[in-house]
Structure formats: C-alpha cells, structure tokens
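Visitor: Coordinates in start26.txt, compact mmCIF, C-alpha atoms, are listed below.
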# COMPACT_ATOMS: atom_id res chain seq x y z
CA MET A 1 -28.15 -35.16 -23.41
CA LYS A 2 -29.38 -34.91 -27.01
CA ASP A 3 -30.79 -37.90 -28.86
CA SER A 4 -28.03 -37.64 -31.48
CA LEU A 5 -24.93 -39.72 -30.78
CA PHE A 6 -22.21 -37.53 -32.27
CA SER A 7 -22.48 -34.54 -29.96
CA ARG A 8 -19.44 -32.30 -29.43
CA ALA A 9 -18.75 -33.99 -26.09
CA PHE A 10 -18.92 -37.52 -27.55
CA THR A 11 -16.66 -36.53 -30.46
CA VAL A 12 -14.03 -34.88 -28.22
CA LEU A 13 -13.97 -37.83 -25.83
CA CYS A 14 -13.63 -40.29 -28.73
CA LEU A 15 -10.73 -38.23 -30.09
CA GLN A 16 -9.01 -38.38 -26.69
CA PHE A 17 -9.61 -42.13 -26.62
CA LEU A 18 -8.12 -42.47 -30.11
CA ILE A 19 -5.00 -40.54 -29.07
CA VAL A 20 -4.35 -42.58 -25.92
CA SER A 21 -4.94 -45.83 -27.82
CA THR A 22 -2.48 -44.68 -30.49
CA LEU A 23 0.14 -43.91 -27.83
CA VAL A 24 -0.10 -47.47 -26.52
CA ALA A 25 -0.08 -48.98 -30.04
CA LEU A 26 3.22 -47.16 -30.74
CA PHE A 27 4.89 -49.81 -28.57
CA PHE A 28 4.39 -52.43 -31.29
CA PRO A 29 8.19 -53.05 -31.60
CA LEU A 30 8.87 -52.84 -27.85
CA GLN A 31 10.15 -56.39 -27.46
CA ALA A 32 12.80 -55.91 -30.15
CA TYR A 33 13.69 -52.45 -28.80
CA MET A 34 14.34 -53.82 -25.30
CA ALA A 35 16.32 -56.72 -26.71
CA GLY A 36 18.51 -54.12 -28.43
CA LEU A 37 19.08 -52.48 -25.05
CA GLY A 38 20.46 -55.78 -23.80
CA PHE A 39 17.65 -56.67 -21.36
CA SER A 40 17.32 -60.34 -20.42
CA ASP A 41 14.40 -62.40 -21.71
CA GLY A 42 12.88 -62.57 -18.22
CA THR A 43 13.06 -58.81 -17.81
CA ILE A 44 11.58 -58.24 -21.25
CA GLY A 45 8.70 -60.60 -20.48
CA PHE A 46 7.88 -58.71 -17.28
CA LEU A 47 8.21 -55.31 -18.93
CA LEU A 48 5.84 -56.22 -21.77
CA GLY A 49 3.04 -56.69 -19.27
CA ALA A 50 4.14 -54.21 -16.59
CA ASP A 51 1.81 -51.43 -17.74
CA ALA A 52 -1.20 -53.79 -17.73
CA LEU A 53 -0.16 -55.09 -14.30
CA SER A 54 0.00 -51.55 -12.96
CA ALA A 55 -3.43 -50.73 -14.37
CA PHE A 56 -4.93 -53.97 -13.04
CA ILE A 57 -3.64 -53.35 -9.50
CA LEU A 58 -4.50 -49.66 -9.42
CA GLN A 59 -7.94 -49.65 -11.02
CA PRO A 60 -9.93 -51.33 -8.21
CA PHE A 61 -8.73 -48.62 -5.82
CA ILE A 62 -9.44 -45.62 -8.03
CA THR A 63 -12.64 -46.74 -9.78
CA PRO A 64 -15.04 -45.54 -7.03
CA LEU A 65 -13.23 -42.18 -6.89
CA ILE A 66 -13.66 -41.32 -10.58
CA THR A 67 -17.01 -39.58 -10.94
CA ALA A 68 -18.28 -37.08 -13.51
CA ALA A 69 -17.30 -34.10 -11.35
CA TYR A 70 -13.69 -35.29 -10.99
CA ALA A 71 -13.18 -37.08 -14.32
CA ARG A 72 -11.40 -34.09 -15.92
CA ARG A 73 -8.85 -34.06 -13.10
CA TRP A 74 -8.17 -37.77 -13.58
CA ILE A 75 -7.74 -37.32 -17.34
CA LEU A 76 -5.34 -34.42 -16.75
CA ALA A 77 -3.37 -36.28 -14.05
CA GLY A 78 -3.22 -39.39 -16.22
CA SER A 79 -1.98 -37.33 -19.19
CA ILE A 80 0.83 -35.85 -17.10
CA ALA A 81 1.83 -39.27 -15.73
CA MET A 82 1.77 -40.86 -19.17
CA ALA A 83 3.79 -38.02 -20.75
CA ILE A 84 6.49 -38.44 -18.09
CA ALA A 85 6.47 -42.21 -18.62
CA LEU A 86 6.87 -41.87 -22.41
CA ILE A 87 9.79 -39.47 -22.04
CA LEU A 88 11.47 -41.80 -19.53
CA GLU A 89 10.89 -44.89 -21.69
CA GLY A 90 12.36 -43.10 -24.68
CA THR A 91 15.43 -42.04 -22.69
CA LEU A 92 16.30 -44.68 -20.09
CA THR A 93 18.47 -47.68 -20.93
CA ASN A 94 18.58 -49.44 -17.56
CA ALA A 95 16.08 -52.13 -16.60
CA PHE A 96 15.03 -50.73 -13.20
CA GLY A 97 14.24 -47.29 -14.58
CA PHE A 98 12.34 -48.86 -17.47
CA ILE A 99 10.23 -50.92 -15.07
CA VAL A 100 9.30 -47.79 -13.12
CA ALA A 101 8.41 -45.99 -16.36
CA ARG A 102 6.24 -48.86 -17.60
CA LEU A 103 4.37 -49.01 -14.30
CA LEU A 104 3.83 -45.24 -14.46
CA GLN A 105 2.58 -45.55 -18.02
CA GLY A 106 -0.02 -48.10 -16.94
CA ALA A 107 -1.17 -45.83 -14.11
CA GLY A 108 -1.45 -42.85 -16.47
CA PHE A 109 -3.30 -44.86 -19.08
CA ILE A 110 -5.91 -46.18 -16.66
CA GLY A 111 -6.43 -42.67 -15.23
CA ILE A 112 -7.11 -41.26 -18.71
CA VAL A 113 -9.33 -44.08 -19.93
CA SER A 114 -11.33 -44.37 -16.69
CA GLY A 115 -12.02 -40.62 -16.74
CA ILE A 116 -13.05 -40.76 -20.39
CA MET A 117 -15.43 -43.68 -19.81
CA VAL A 118 -17.21 -41.95 -16.93
CA LEU A 119 -17.93 -38.96 -19.18
CA LEU A 120 -18.68 -40.98 -22.32
CA VAL A 121 -21.63 -42.79 -20.75
CA LEU A 122 -23.24 -39.39 -20.12
CA CYS A 123 -23.18 -38.68 -23.87
CA ILE A 124 -24.84 -41.91 -24.97
CA PRO A 125 -28.63 -41.90 -25.49
CA ARG A 126 -30.23 -44.91 -23.81
CA THR A 127 -31.46 -46.20 -27.18
CA MET A 128 -28.03 -46.03 -28.88
CA SER A 129 -25.73 -48.04 -26.59
CA GLY A 130 -24.94 -50.67 -29.22
CA ARG A 131 -24.08 -48.11 -31.87
CA ALA A 132 -22.03 -46.03 -29.42
CA PHE A 133 -19.90 -48.90 -28.18
CA GLY A 134 -19.52 -50.18 -31.72
CA TRP A 135 -17.82 -46.88 -32.63
CA ILE A 136 -15.83 -46.75 -29.36
CA SER A 137 -14.48 -50.26 -29.89
CA LEU A 138 -13.62 -49.43 -33.51
CA ILE A 139 -11.66 -46.38 -32.36
CA ARG A 140 -9.74 -48.52 -29.92
CA LEU A 141 -8.94 -51.10 -32.59
CA LEU A 142 -7.80 -48.78 -35.39
CA PRO A 143 -4.34 -47.83 -34.00
CA TYR A 144 -3.42 -51.47 -33.31
CA ALA A 145 -4.44 -52.45 -36.84
CA ALA A 146 -2.63 -49.53 -38.47
CA MET A 147 0.60 -49.29 -36.50
CA PRO A 148 2.52 -52.23 -38.05
CA ALA A 149 1.82 -50.84 -41.53
CA ILE A 150 2.81 -47.30 -40.46
CA TYR A 151 6.13 -48.51 -39.08
CA ASP A 152 6.81 -50.33 -42.34
CA ALA A 153 5.74 -47.38 -44.53
CA LEU A 154 7.99 -44.95 -42.61
CA ARG A 155 10.83 -47.50 -42.49
CA LEU A 156 11.04 -47.18 -38.74
CA MET A 157 13.20 -49.80 -37.05
CA PRO A 158 12.84 -51.06 -33.45
CA LYS A 159 15.87 -48.96 -32.45
CA ASP A 160 13.90 -45.85 -33.46
CA LEU A 161 11.22 -46.47 -30.84
CA GLY A 162 12.97 -44.27 -28.24
CA ILE A 163 12.75 -41.07 -30.28
CA VAL A 164 9.25 -41.97 -31.51
CA ILE A 165 7.77 -42.24 -28.02
CA ARG A 166 9.63 -39.16 -26.75
CA TRP A 167 7.93 -37.09 -29.45
CA ALA A 168 4.68 -38.98 -28.89
CA SER A 169 4.54 -37.57 -25.38
CA MET A 170 3.12 -34.46 -27.08
CA GLY A 171 -0.02 -36.51 -27.64
CA CYS A 172 -0.61 -36.40 -23.89
CA ALA A 173 -0.52 -32.61 -24.07
CA LEU A 174 -3.15 -32.78 -26.82
CA ILE A 175 -5.38 -34.99 -24.65
CA ALA A 176 -5.11 -32.41 -21.86
CA ALA A 177 -5.70 -29.50 -24.27
CA LEU A 178 -8.90 -31.11 -25.57
CA LEU A 179 -10.37 -30.79 -22.07
CA SER A 180 -10.70 -27.08 -22.80
CA VAL A 181 -13.22 -27.73 -25.60
CA LEU A 182 -15.12 -30.42 -23.69
CA PRO A 183 -18.47 -28.92 -22.59
CA ARG A 184 -18.40 -28.36 -18.82
CA ARG A 185 -22.12 -28.97 -18.54
CA ILE A 186 -21.61 -32.64 -19.39
CA ALA A 187 -21.23 -33.50 -15.69
CA ASP A 188 -24.67 -32.02 -15.05
CA ALA A 189 -26.19 -35.01 -16.84
CA SER A 190 -24.97 -37.33 -14.08
CA PRO A 191 -27.42 -38.05 -11.24
CA SER A 192 -24.43 -38.33 -8.89
CA SER A 193 -21.93 -35.94 -10.45
CA GLY A 194 -19.94 -35.06 -7.34
CA GLN A 195 -20.56 -38.22 -5.35
CA VAL A 196 -17.51 -40.35 -4.60
CA PHE A 197 -18.65 -43.95 -4.37
CA SER A 198 -17.63 -46.20 -1.51
CA TYR A 199 -15.91 -49.53 -2.09
CA ALA A 200 -19.08 -51.16 -0.75
CA VAL A 201 -21.04 -49.57 -3.62
CA MET A 202 -18.44 -50.84 -6.09
CA ALA A 203 -18.77 -54.36 -4.64
CA ARG A 204 -22.57 -54.19 -4.87
CA CYS A 205 -22.35 -53.15 -8.52
CA LEU A 206 -19.85 -55.91 -9.30
CA PHE A 207 -21.97 -58.62 -7.69
CA ASP A 208 -25.34 -57.26 -8.80
CA ARG A 209 -27.38 -60.29 -9.92
CA ARG A 210 -28.08 -58.67 -13.30
CA LEU A 211 -24.52 -57.52 -14.00
CA PHE A 212 -22.23 -60.11 -12.43
CA PRO A 213 -22.85 -62.73 -15.17
CA VAL A 214 -22.07 -60.10 -17.80
CA PHE A 215 -18.84 -59.12 -16.01
CA ALA A 216 -17.92 -62.82 -15.84
CA ALA A 217 -18.60 -63.14 -19.59
CA ILE A 218 -16.30 -60.15 -20.29
CA THR A 219 -13.49 -61.79 -18.31
CA LEU A 220 -13.93 -65.09 -20.16
CA LEU A 221 -14.19 -63.42 -23.58
CA TYR A 222 -10.94 -61.48 -23.19
CA ALA A 223 -9.23 -64.55 -21.73
CA ASN A 224 -10.26 -66.34 -24.93
CA TYR A 225 -8.93 -63.49 -27.08
CA ALA A 226 -5.66 -63.25 -25.14
CA VAL A 227 -5.00 -66.98 -25.46
CA VAL A 228 -5.42 -66.85 -29.24
CA PHE A 229 -3.35 -63.65 -29.48
CA PHE A 230 -0.40 -64.90 -27.42
CA PHE A 231 -0.26 -68.57 -28.45
CA LEU A 232 -1.16 -68.51 -32.15
CA LYS A 233 2.39 -67.77 -33.32
CA GLY A 234 3.87 -70.61 -31.27
CA TYR A 235 1.24 -72.98 -32.63
CA GLY A 236 2.02 -71.89 -36.19
CA LEU A 237 5.74 -72.46 -35.71
CA SER A 238 5.09 -75.90 -34.21
CA LYS A 239 3.11 -76.80 -37.35
CA GLY A 240 5.54 -75.21 -39.78
CA MET A 241 3.02 -72.47 -40.68
CA ALA A 242 5.30 -69.42 -40.83
CA SER A 243 2.61 -67.12 -42.24
CA ILE A 244 0.00 -67.78 -39.57
CA GLY A 245 0.20 -64.12 -38.52
CA PHE A 246 -2.29 -63.29 -41.30
CA PHE A 247 -4.97 -64.87 -39.03
CA PHE A 248 -5.08 -61.75 -36.87
CA SER A 249 -4.82 -59.41 -39.84
CA LEU A 250 -7.89 -61.02 -41.39
CA ALA A 251 -9.79 -61.28 -38.08
CA THR A 252 -9.03 -57.63 -37.28
CA LEU A 253 -10.21 -56.51 -40.72
CA VAL A 254 -13.50 -58.35 -40.18
CA MET A 255 -13.89 -56.77 -36.73
CA MET A 256 -13.33 -53.30 -38.16
CA VAL A 257 -15.83 -53.79 -40.99
CA ILE A 258 -18.50 -55.13 -38.63
CA ARG A 259 -18.09 -52.23 -36.22
CA ALA A 260 -17.94 -49.58 -38.93
CA LEU A 261 -20.87 -50.83 -40.99
CA GLY A 262 -22.87 -52.93 -38.57
CA SER A 263 -22.96 -50.96 -35.34
CA ARG A 264 -26.14 -49.15 -36.42
CA PHE A 265 -27.92 -52.51 -36.23
CA PHE A 266 -26.63 -53.42 -32.75
CA ASP A 267 -29.50 -51.65 -30.97
CA GLN A 268 -32.09 -53.46 -33.07
CA TRP A 269 -31.02 -56.83 -31.69
CA ASN A 270 -31.78 -58.50 -28.39
CA LYS A 271 -28.38 -57.94 -26.79
CA HIS A 272 -28.53 -61.03 -24.59
CA ARG A 273 -29.22 -63.34 -27.52
CA ALA A 274 -26.81 -61.56 -29.88
CA ASN A 275 -24.01 -61.80 -27.31
CA ALA A 276 -24.70 -65.47 -26.58
CA ALA A 277 -24.76 -66.33 -30.29
CA SER A 278 -21.55 -64.43 -31.10
CA LEU A 279 -19.76 -65.97 -28.09
CA LEU A 280 -20.73 -69.46 -29.27
CA LEU A 281 -19.37 -68.47 -32.68
CA CYS A 282 -16.08 -67.48 -31.01
CA ALA A 283 -16.01 -70.86 -29.26
CA LEU A 284 -16.56 -72.75 -32.52
CA ALA A 285 -13.97 -70.69 -34.38
CA THR A 286 -11.34 -71.08 -31.65
CA ALA A 287 -11.89 -74.84 -31.54
CA LEU A 288 -11.29 -74.96 -35.31
CA ILE A 289 -7.77 -73.52 -35.01
CA PRO A 290 -5.94 -76.73 -33.95
CA ALA A 291 -7.73 -78.59 -36.76
CA ALA A 292 -6.71 -75.96 -39.33
CA SER A 293 -3.77 -77.69 -40.94
CA ALA A 294 -4.94 -76.42 -44.34
CA LEU A 295 -5.20 -72.75 -45.33
CA PRO A 296 -8.94 -72.68 -46.19
CA LEU A 297 -9.92 -73.91 -42.72
CA LEU A 298 -7.62 -71.40 -41.05
CA ILE A 299 -9.15 -68.58 -43.12
CA THR A 300 -12.60 -69.82 -42.07
CA ALA A 301 -11.55 -69.78 -38.40
CA ALA A 302 -10.19 -66.23 -38.77
CA LEU A 303 -13.40 -65.00 -40.43
CA LEU A 304 -15.57 -66.60 -37.74
CA CYS A 305 -13.38 -65.30 -34.88
CA GLY A 306 -13.40 -61.80 -36.34
CA THR A 307 -17.19 -61.91 -36.68
CA GLY A 308 -17.73 -63.18 -33.13
CA TRP A 309 -15.23 -60.78 -31.53
CA GLY A 310 -16.43 -57.92 -33.71
CA ILE A 311 -20.00 -58.25 -32.45
CA THR A 312 -19.66 -59.33 -28.82
CA MET A 313 -16.88 -57.01 -27.62
CA PRO A 314 -18.91 -53.80 -28.11
CA LEU A 315 -22.25 -55.49 -27.34
CA LEU A 316 -21.09 -56.69 -23.92
CA ASN A 317 -20.26 -53.09 -22.97
CA ALA A 318 -23.59 -52.01 -24.39
CA LEU A 319 -25.36 -54.62 -22.27
CA VAL A 320 -23.57 -53.37 -19.15
CA PHE A 321 -24.74 -49.86 -20.04
CA ASP A 322 -28.34 -50.97 -20.57
CA LEU A 323 -28.48 -52.88 -17.27
CA SER A 324 -26.85 -50.14 -15.18
CA GLU A 325 -28.64 -47.66 -13.00
CA PRO A 326 -27.90 -44.18 -14.44
CA GLN A 327 -25.91 -43.11 -11.37
CA HIS A 328 -23.67 -46.19 -11.67
CA ALA A 329 -23.22 -46.28 -15.46
CA GLY A 330 -19.68 -44.87 -15.43
CA LEU A 331 -18.63 -47.00 -12.45
CA ASN A 332 -19.89 -50.13 -14.18
CA GLN A 333 -18.05 -49.35 -17.42
CA ASN A 334 -14.83 -49.06 -15.45
CA LEU A 335 -15.61 -52.37 -13.74
CA ALA A 336 -16.03 -53.84 -17.23
CA LEU A 337 -12.59 -52.45 -18.08
CA LEU A 338 -11.21 -54.12 -14.95
CA MET A 339 -12.74 -57.43 -16.06
CA LEU A 340 -11.03 -56.98 -19.44
CA GLN A 341 -7.68 -56.60 -17.66
CA ALA A 342 -8.46 -59.70 -15.60
CA GLY A 343 -9.13 -61.67 -18.78
CA PHE A 344 -5.82 -60.64 -20.32
CA PHE A 345 -4.10 -61.82 -17.14
CA LEU A 346 -5.98 -65.08 -16.59
CA GLY A 347 -6.06 -66.27 -20.21
CA PRO A 348 -2.28 -66.48 -20.71
CA LEU A 349 -1.84 -67.73 -17.13
CA ILE A 350 -4.13 -70.70 -17.78
CA GLY A 351 -3.04 -71.27 -21.36
CA GLY A 352 0.66 -71.08 -20.52
CA LYS A 353 0.49 -74.30 -18.51
CA LEU A 354 -0.98 -76.36 -21.34
CA PRO A 355 1.43 -76.53 -24.33
CA SER A 356 4.09 -78.55 -22.52
CA ALA A 357 1.52 -80.68 -20.69
CA ALA A 358 -1.00 -81.48 -23.41
CA GLY A 359 0.06 -79.73 -26.62
CA TYR A 360 -1.20 -76.65 -28.43
CA ALA A 361 -4.53 -78.23 -29.28
CA SER A 362 -5.45 -78.16 -25.60
CA VAL A 363 -4.65 -74.42 -25.45
CA PHE A 364 -7.20 -73.54 -28.11
CA LEU A 365 -9.77 -76.02 -26.80
CA ALA A 366 -9.43 -74.34 -23.40
CA ALA A 367 -9.93 -70.95 -25.09
CA ALA A 368 -13.01 -72.32 -26.86
CA LEU A 369 -14.35 -73.53 -23.51
CA MET A 370 -13.85 -70.00 -22.11
CA ALA A 371 -15.98 -68.49 -24.88
CA ALA A 372 -18.65 -71.18 -24.44
CA LEU A 373 -18.77 -70.51 -20.68
CA ALA A 374 -19.13 -66.79 -21.46
CA ALA A 375 -22.22 -67.65 -23.54
CA VAL A 376 -23.57 -69.63 -20.58
CA CYS A 377 -23.04 -66.56 -18.38
CA ILE A 378 -25.07 -64.42 -20.79
CA GLU A 379 -27.88 -66.98 -20.73
CA TRP A 380 -27.68 -66.81 -16.93
CA ALA A 381 -27.97 -63.02 -17.15
CA ARG A 382 -30.88 -63.30 -19.59
CA ARG A 383 -32.81 -65.59 -17.28
CA GLY A 384 -32.02 -63.37 -14.30
CA ASN A 385 -33.49 -60.39 -16.14
CA HIS A 386 -36.50 -62.40 -17.36
CA VAL A 387 -35.62 -61.59 -20.96
CA ARG A 388 -37.45 -63.80 -23.43
Just dump the structure as structure tokens.
Guide:
Amino acid sequence: MKDSLFSRAFTVLCLQFLIVSTLVALFFPLQAYMAGLGFSDGTIGFLLGADALSAFILQPFITPLITAAYARRWILAGSIAMAIALILEGTLTNAFGFIVARLLQGAGFIGIVSGIMVLLVLCIPRTMSGRAFGWISLIRLLPYAAMPAIYDALRLMPKDLGIVIRWASMGCALIAALLSVLPRRIADASPSSGQVFSYAVMARCLFDRRLFPVFAAITLLYANYAVVFFFLKGYGLSKGMASIGFFFSLATLVMMVIRALGSRFFDQWNKHRANAASLLLCALATALIPAASALPLLITAALLCGTGWGITMPLLNALVFDLSEPQHAGLNQNLALLMLQAGFFLGPLIGGKLPSAAGYASVFLAAALMAALAAVCIEWARRGNHVR
C-alpha cells in the first residue's frame, strides 16, 4: 500500500467504522426505553449487555475465518444481521423477542467490525501504526461523546428510541453500499489473503511470547475503564455528588483532543515505554477517585484518566500491529478486540462484588491495580522483545 495514511481504502473503512459505531451509540437511552416497555430490572440488566455477550461468545469462533479475501462477505452479512436486529428492536415490545434481537445485533456488529479491522491493517503503513490507531480510536469515540448532546438538541425522549433505530437501520445499507467503492485490490496486499486460519494458529498468536503480555494489558486496561464507567455514578450518589457525571465528559474531551492533535506523535515514541507510562498514569488517576471529595481533585483525576486512556488505548493496538507478522496482523487485531470484550466483562464482574463487601473505595483501588498490572505486562513484553 502507499506510504500515505489516508488512502481511499482507509477513508472508506473508517467511514464504515464511524457508521457502525454511531448505530451502537444510538442506544444511549436504552435503559429508560426498556423501562417504559415494562421490562423488569433483571431483564433490563441482561439486555443492556446482551449484544456484548453475543459478540464475546461468537468472536473466538469466527476470528480465524475472517481473512482479507472474505472480509467483504462478513461486513455484508453483519450489515444484514444488524439491520434486521435494529428493525426488530424498534418494533418488538416483548422481552423474549428483544433478547433475540439484541443477541443478533451483537453478532452483526462483531461481523462488521472484524471484517473492517482485517482490511484496515492492510491500509496502514508500518511506520504509521500509532497515527492510524489514534484516528481509528477517535472515530470510535466521537459518536459516544456526541450522542447525549444530539438527543438533547433534537428533544428526543427515551420513548422515541424505537422509531430512531428503525430508521437507523438504513445506516447498515450504507455500510454495505460503501463496499462498492472499496478498492478490490486491497486484499492483494495480504500475504495470506484467501487463507482461512485454523484455531491452532489463533491459539499460537494469542499465546505468542511477544503478544500475550500486550493482550493481557488490553484486557486489564478495559477492565479498569469499565469499572470506572459503571461504578462512578453509584460512588457519586453515595457521596452526595450528583454532578459526578461531568467526570466522563471531561475525560472524554481530553481523550478526543489527544487523539486528534497528538496521534501524529505516537509513532515517534517508544510504544512499550509510552504505554507503560500512560497505564501507570491511569492507575494513579483511578486511585485518586475515592479520595476526590473536593471538586478540584476530581477534575484532576478526570484530566489524568483522560490523558492515560487517550494515549494507551490506541497505542496498545498500534503495538499489537507492530509486533504482528504481516500475515497475522488482521487476526491479531481481532484478538485484541476480543480482549477488549473480555475486559468489559471481567471488570464489572470483579468490581461488582466489592461495594457491599468493602465500600466504593475498594472498587477504584481494584481498578487502579488493574491498570498497574497492565503496565507490568507491557514491561514484560518490552523485556521479551529486548527493547531498551
């Protein structure tokens, strides 16, 4: 591929990624929408995570099958599945049907994103991995940052979600249509374009001595992020801090600025050291949260978290890219995505046992420990690669 990052293929794939991320971000008021349908709290709790559960279960089985030669088919199949799911979710009012639709949405989403990732790595010059994943992570973040404000600006209420997502199913058609302008020669850049990998190959890539510590760090990082995301509101209410939600607004703004303005510097840094440093920053910032009874300290924690997350999330993917054999680059990015899903599952699972047993402070200290262990994993990876 060319030595310029923003080729036609890279731009089209990023646009598809933006659309599918926007479709998921549309579900911002889902909890209130389902409550309006009369679903029980237990059902709502399961449904909120059902799409991620579906993706987490399905991805290990499909990851070796998604190669450059077949990626378009997976994107198309995922678009069809997700369109059907959106129409069903915008129409159905019974819990069982909604569960099926949410599971189908997760399957469609992972098919689209996995196909996109396999093709994206073929568009990234080896010297621009940091910059590329900086932009990719920014694209993923933008819809989640913008959607609450868009709902407010358009005066959309939770009850309007049904009609919104029914119309949004057209976005899946746009993802499929963009395949027609995606250069077909892109698959020719893959050393193993038509090769379907075995599960043994996937296992070898996962447990590769250079990559396994990085995959472990990804799991721990997103476990840290998920703990803060899911438990911050409860902590704020327990402390009488009703406006604690601004923490994520500020942290997200910092993440966006870093990725928009700083990604061009990512490839100038030693990625092992930069990741380790930013993960330690995440650990420090997370540990500050339970001590942040005053607003200035909470703002400091948000700024530090946003800086750490803003740097290490794209740089971990860039490190996976740099350490991958060319024929396994797409497979390894999808394994990184699987580790992300694992982190979002394990973080709340571990953190959920702590508030009643040891208080909210223990939740954030556990999250800080996760980030610190992730930094240890990167140092392990650095030593394993003899990086000095």
Visitor: Could you list, as a PyMOL selection string, every residue within 12 Å of stretch 322-327 of chain A, counting all atoms listed in the file and ignoring same-chain residues fewer than 6 positions away?
Guide: chain A and resi 64+67-68+118-119+121-130+132-133+187-197+201-202+204-206+208-215+267+270-272+315-316+333+335-336+381-382+384-385+387
Visitor: What's around A:Gln59 at 9 Å? Count all atoms listed in the file, leave out sequence neighbours fewer than 2 positions away in its own chain, and write the answer as a list of chain:residue names.
Guide: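 Counting only the stated atoms, we get A:Ser54, A:Ala55, A:Phe56, A:Ile57, A:Phe61, A:Ile62, A:Thr63, A:Ala107, A:Ile110, A:Gly111, A:Ser114, A:Asn334, A:Leu335, A:Leu337, A:Leu338.
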Visitor: With C-alpha atoms retained, could you export that selection as a short mmCIF file (atom, residue, chain, number, x, y, z; two decimals), keeping the file's coordinate frame?
Guide:
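After the write, part_4.cif holds the following:
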data_model
loop_
_atom_site.label_atom_id
_atom_site.label_comp_id
_atom_site.auth_asym_id
_atom_site.auth_seq_id
_atom_site.Cartn_x
_atom_site.Cartn_y
_atom_site.Cartn_z
CA SER A 54 0.00 -51.55 -12.96
CA ALA A 55 -3.43 -50.73 -14.37
CA PHE A 56 -4.93 -53.97 -13.04
CA ILE A 57 -3.64 -53.35 -9.50
CA PHE A 61 -8.73 -48.62 -5.82
CA ILE A 62 -9.44 -45.62 -8.03
CA THR A 63 -12.64 -46.74 -9.78
CA ALA A 107 -1.17 -45.83 -14.11
CA ILE A 110 -5.91 -46.18 -16.66
CA GLY A 111 -6.43 -42.67 -15.23
CA SER A 114 -11.33 -44.37 -16.69
CA ASN A 334 -14.83 -49.06 -15.45
CA LEU A 335 -15.61 -52.37 -13.74
CA LEU A 337 -12.59 -52.45 -18.08
CA LEU A 338 -11.21 -54.12 -14.95
#
Visitor: Name the residues, using the chain letters and numbers of the file, that sit within 6 Å of (-26.7, -63.1, -23.2) when counting only C-alpha atoms, and give them as a PyMOL selection string.
Guide: chain A and resi 272-273+275-276+378-379+382
Visitor: Considering all atoms listed in the file, return as a PyMOL selection string whatever protein or nucleic-acid residues lie within 8 Å of stretch 306-312 of chain A, sequence-local ones (same chain, fewer than 3 positions apart) excluded.
Guide: chain A and resi 250-256+258-259+274-275+278-282+302-303+315-316
Visitor: Residues at most 6 Å from stretch 140-151 of chain A, counting all atoms listed in the file, excluding those fewer than 3 positions away in the same chain, as a list of chain:residue names?
Guide: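 Close residues of stretch 140-151 of chain A: A:Ser21, A:Thr22, A:Ala25, A:Ser137, A:Leu154, A:Arg155, A:Leu156.
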Visitor: Report the distance between atom CA of A:Gly78 and atom CA of A:Thr93 in Å, rounded to one decimal place.
Guide: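 Separating atom CA of A:Gly78 from atom CA of A:Thr93 is a distance of 23.7 Å.
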Visitor: Restricting the calculation to all atoms listed in the file: of A:Met370, A:Gly36, A:His328, A:Ala358, which residue gets closest to A:Ala203?
Guide: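 The shortest atom-to-atom distance to A:Ala203 comes from A:His328.
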Visitor: Between A:Ala173, A:Leu47, A:Ala77, A:Ser263, which residue has the minimum interatomic distance to A:Gly97, considering only C-alpha atoms?
Guide: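 Looking only at the distances to A:Gly97, the closest residue turns out to be A:Leu47.
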